[in-house]
Amino acid sequence: MSRTSLSVTTLAAACALALGAPALGAPALAAQSTPAPAVALTHANVVNGLDATVLRDVTIIVSGGRIVRIGPGLPVPSGATVIDLAGRWVAPGLIDAHTHIATLANARRALFSGVTTVRSASVAAYQDVEMRDLAKAGQIVAPDVLATGVFVTPNLGETVLADARLGPLAAGVNTPEQLRALVRVNLDHGVDWIKTRGTERAGLPDTDPRKQVYDERQLRAIVEEAATRGIPVMAHAHGDEGAYAAVAAGVKSIEHGTYLSDSTLRLMKQKGVWLVPTLSTIVDLTQPGGDYDDPVLVLRGQHMAPRIEDTIRRAHAMGIRLATGADTDYGPEGLTRISHEVMRFRGLGLTSVEALAAATSGAAELLGIGARTGRVADGLEADLIVLEGNPLDDPAWLQDVLIVVTNGRVVLNRLPFGRPAPR
């Protein structure tokens, strides 16, 4: 995939301009540095993202960025903004555990699709670190970001420009010493995760996604260096050999996993390693437009899609935890969304609760943030979406998000649809 990139300095300089521009037909959004105002969502039906519990006709009180209380007929705090949902459905904000967002426009596009938290799967120049910090400070409108910084991969290419310390690695990143050095640069930038690889990419016509890139010894050096600061590792791996090496080395999640064998899956289960299959991006290979549009990739995707579906079924049957990732930068041509991943998980045999949890409470658990988000519950961050129907009945409702609340702020509200009655 061709990922849109933006330098860190350009990102900071673009904030004021970009935030003043409307996106996706919604009103223009302004950056906020003041505390989020109180909001009351009334006459709401609620699914919590954890189990099959449904709350009907309740009020959700949001203040200070958190869910204060949920219950029927609650009094509305003085000065709160009241939004009457008229029986519509509230669910947790969606989590994309595998993104490549590097611009403000793409961040807003993800947010308006209902994604309130993302884990970056690498960008070119630490844009994810800056986006995380600016969003946390309330200076930009974006999902919450868990950053990985620069991809730990053999050939950095233009990425060496991200930090002068990467210069000595321009010729390659292969020895344990080189791998540890790259990890340390990422750690010094304050990343939340390290992203590396066990195999080649699927999205380039001249690579074979089954080909192993790093062996267990190399991957263990990455994992051990990251562990010096308590940082987990995610590993891109389509092929079985590279994935097995990554799991044996101690990574926390396998990304993609198209050709995984039962032996690799058993090791994942034994070690508690998660699978983030990004199925929807494999489907994207087979279709015109979107992030990929190449005849070689169309044919490759037709071969890969049934195999990754089989991997997901076998992983689920073994009890391996699944989380959703769209593997997109949310560019203007992109067609892949987390809603698609939930729908496809449901079609592959996950229950409605399991499929939604893979994009909410489960994904939050993988990312280590389950104590603060991923569910609709008292005391948690107010990361919420409003839908026309119950996503446990039909996950397709997730494709049409009406309201997005992130950290207590209403950043998108498409209601009401009708015009005010004339006076």
# chains A, B, ... in the order shown; residues from 1 in each chain; ligands from 1
$ select_by_dssp --residues "segment 126-362 of chain A" --states "strand (DSSP E or B)" --output "list in words"
Asp144, Val145, Leu146, Val152, Ile194, Lys195, Thr196, Arg197, Thr199, Gln212, Val233, Met234, Ala235, His236, Ala237, Ser253, Ile254, Glu255, His256, Trp274, Leu275, Val276, Leu322 and Thr328 of chain A
$ closest_atom_pairs --of "segment 116-222 of chain A" --to "segment 319-331 of chain A" --cutoff "10 Å" --atoms "only C-alpha atoms" --output "Markdown table"
| residue | atom | partner | partner_atom | distance |
| --- | --- | --- | --- | --- |
| A:Val118 | CA | A:Gly325 | CA | 8.8 |
| A:Arg119 | CA | A:Gly325 | CA | 8.7 |
| A:Ser120 | CA | A:Asp327 | CA | 9.3 |
| A:Ala121 | CA | A:Asp327 | CA | 7.9 |
| A:Val123 | CA | A:Asp329 | CA | 9.4 |
$ write_last_selection --atoms "N, CA and C atoms" --output "CSV table (one decimal), in the first residue's frame"
chain,number,residue,atom,x,y,z
A,118,VAL,N,-6.9,4.0,18.2
A,118,VAL,CA,-6.2,3.2,17.2
A,118,VAL,C,-4.8,2.8,17.8
A,119,ARG,N,-4.3,1.7,17.4
A,119,ARG,CA,-2.9,1.3,17.6
A,119,ARG,C,-2.2,1.5,16.2
A,120,SER,N,-1.2,2.3,16.2
A,120,SER,CA,-0.5,2.5,14.9
A,120,SER,C,0.3,1.2,14.6
A,121,ALA,N,0.4,0.9,13.3
A,121,ALA,CA,1.2,-0.2,12.9
A,121,ALA,C,2.4,0.3,12.1
A,123,VAL,N,4.5,4.3,11.1
A,123,VAL,CA,4.4,5.5,10.1
A,123,VAL,C,5.8,5.8,9.8
$ closest_residue --among "A:Leu187, A:Ala396, A:Ile83, A:Val150" --to "Thr42 of chain A" --atoms "only C-alpha atoms"
A:Ile83
$ select_by_dssp --residues "segment 162-329 of chain A" --states "helix (DSSP H, G or I)" --output "ChimeraX atom specification"
/A:162,164-169,176-188,216-227,240-249,262-271,279-285,295-318
$ atom_distance --atom1 "atom CA of Arg108 of chain A" --atom2 "atom CA of Val141 of chain A"
6.7 Å
$ residues_around --residues "Ala357 of chain A" --least-positions-apart "5" --cutoff "6 Å" --atoms "only C-alpha atoms" --output "ChimeraX atom specification"
/A:49-50,362
$ residues_around --residues "Pro143 of chain A" --least-positions-apart "2" --cutoff "7 Å" --atoms "only C-alpha atoms" --output "PyMOL selection string"
chain A and resi 107+111+115-118+145
$ write_last_selection --atoms "C-alpha atoms" --output "compact mmCIF listing (two decimals), in the first residue's frame"
# COMPACT_ATOMS: atom_id res chain seq x y z
CA ALA A 107 -7.36 10.75 11.59
CA LEU A 111 -12.87 9.02 13.96
CA VAL A 115 -13.05 4.54 15.63
CA THR A 116 -12.13 6.32 18.87
CA THR A 117 -8.87 4.47 19.59
CA VAL A 118 -6.15 3.24 17.24
CA VAL A 145 -3.43 6.81 19.55
$ atom_distance --atom1 "atom CA of Pro288 of chain A" --atom2 "atom CA of Glu158 of chain A"
28.4 Å
$ residues_around --residues "Gly149 of chain A" --least-positions-apart "2" --cutoff "12 Å" --atoms "only C-alpha atoms" --output "PyMOL selection string"
chain A and resi 8+99-102+119-132+145-147+151-152+159+162-163+182-196
$ closest_residue --among "A:Gly230, A:Gly347, A:Pro295, A:Gly370" --to "Ile95 of chain A" --atoms "only C-alpha atoms"
A:Gly370
$ atom_distance --atom1 "atom CA of Leu412 of chain A" --atom2 "atom CA of Ala44 of chain A"
17.0 Å
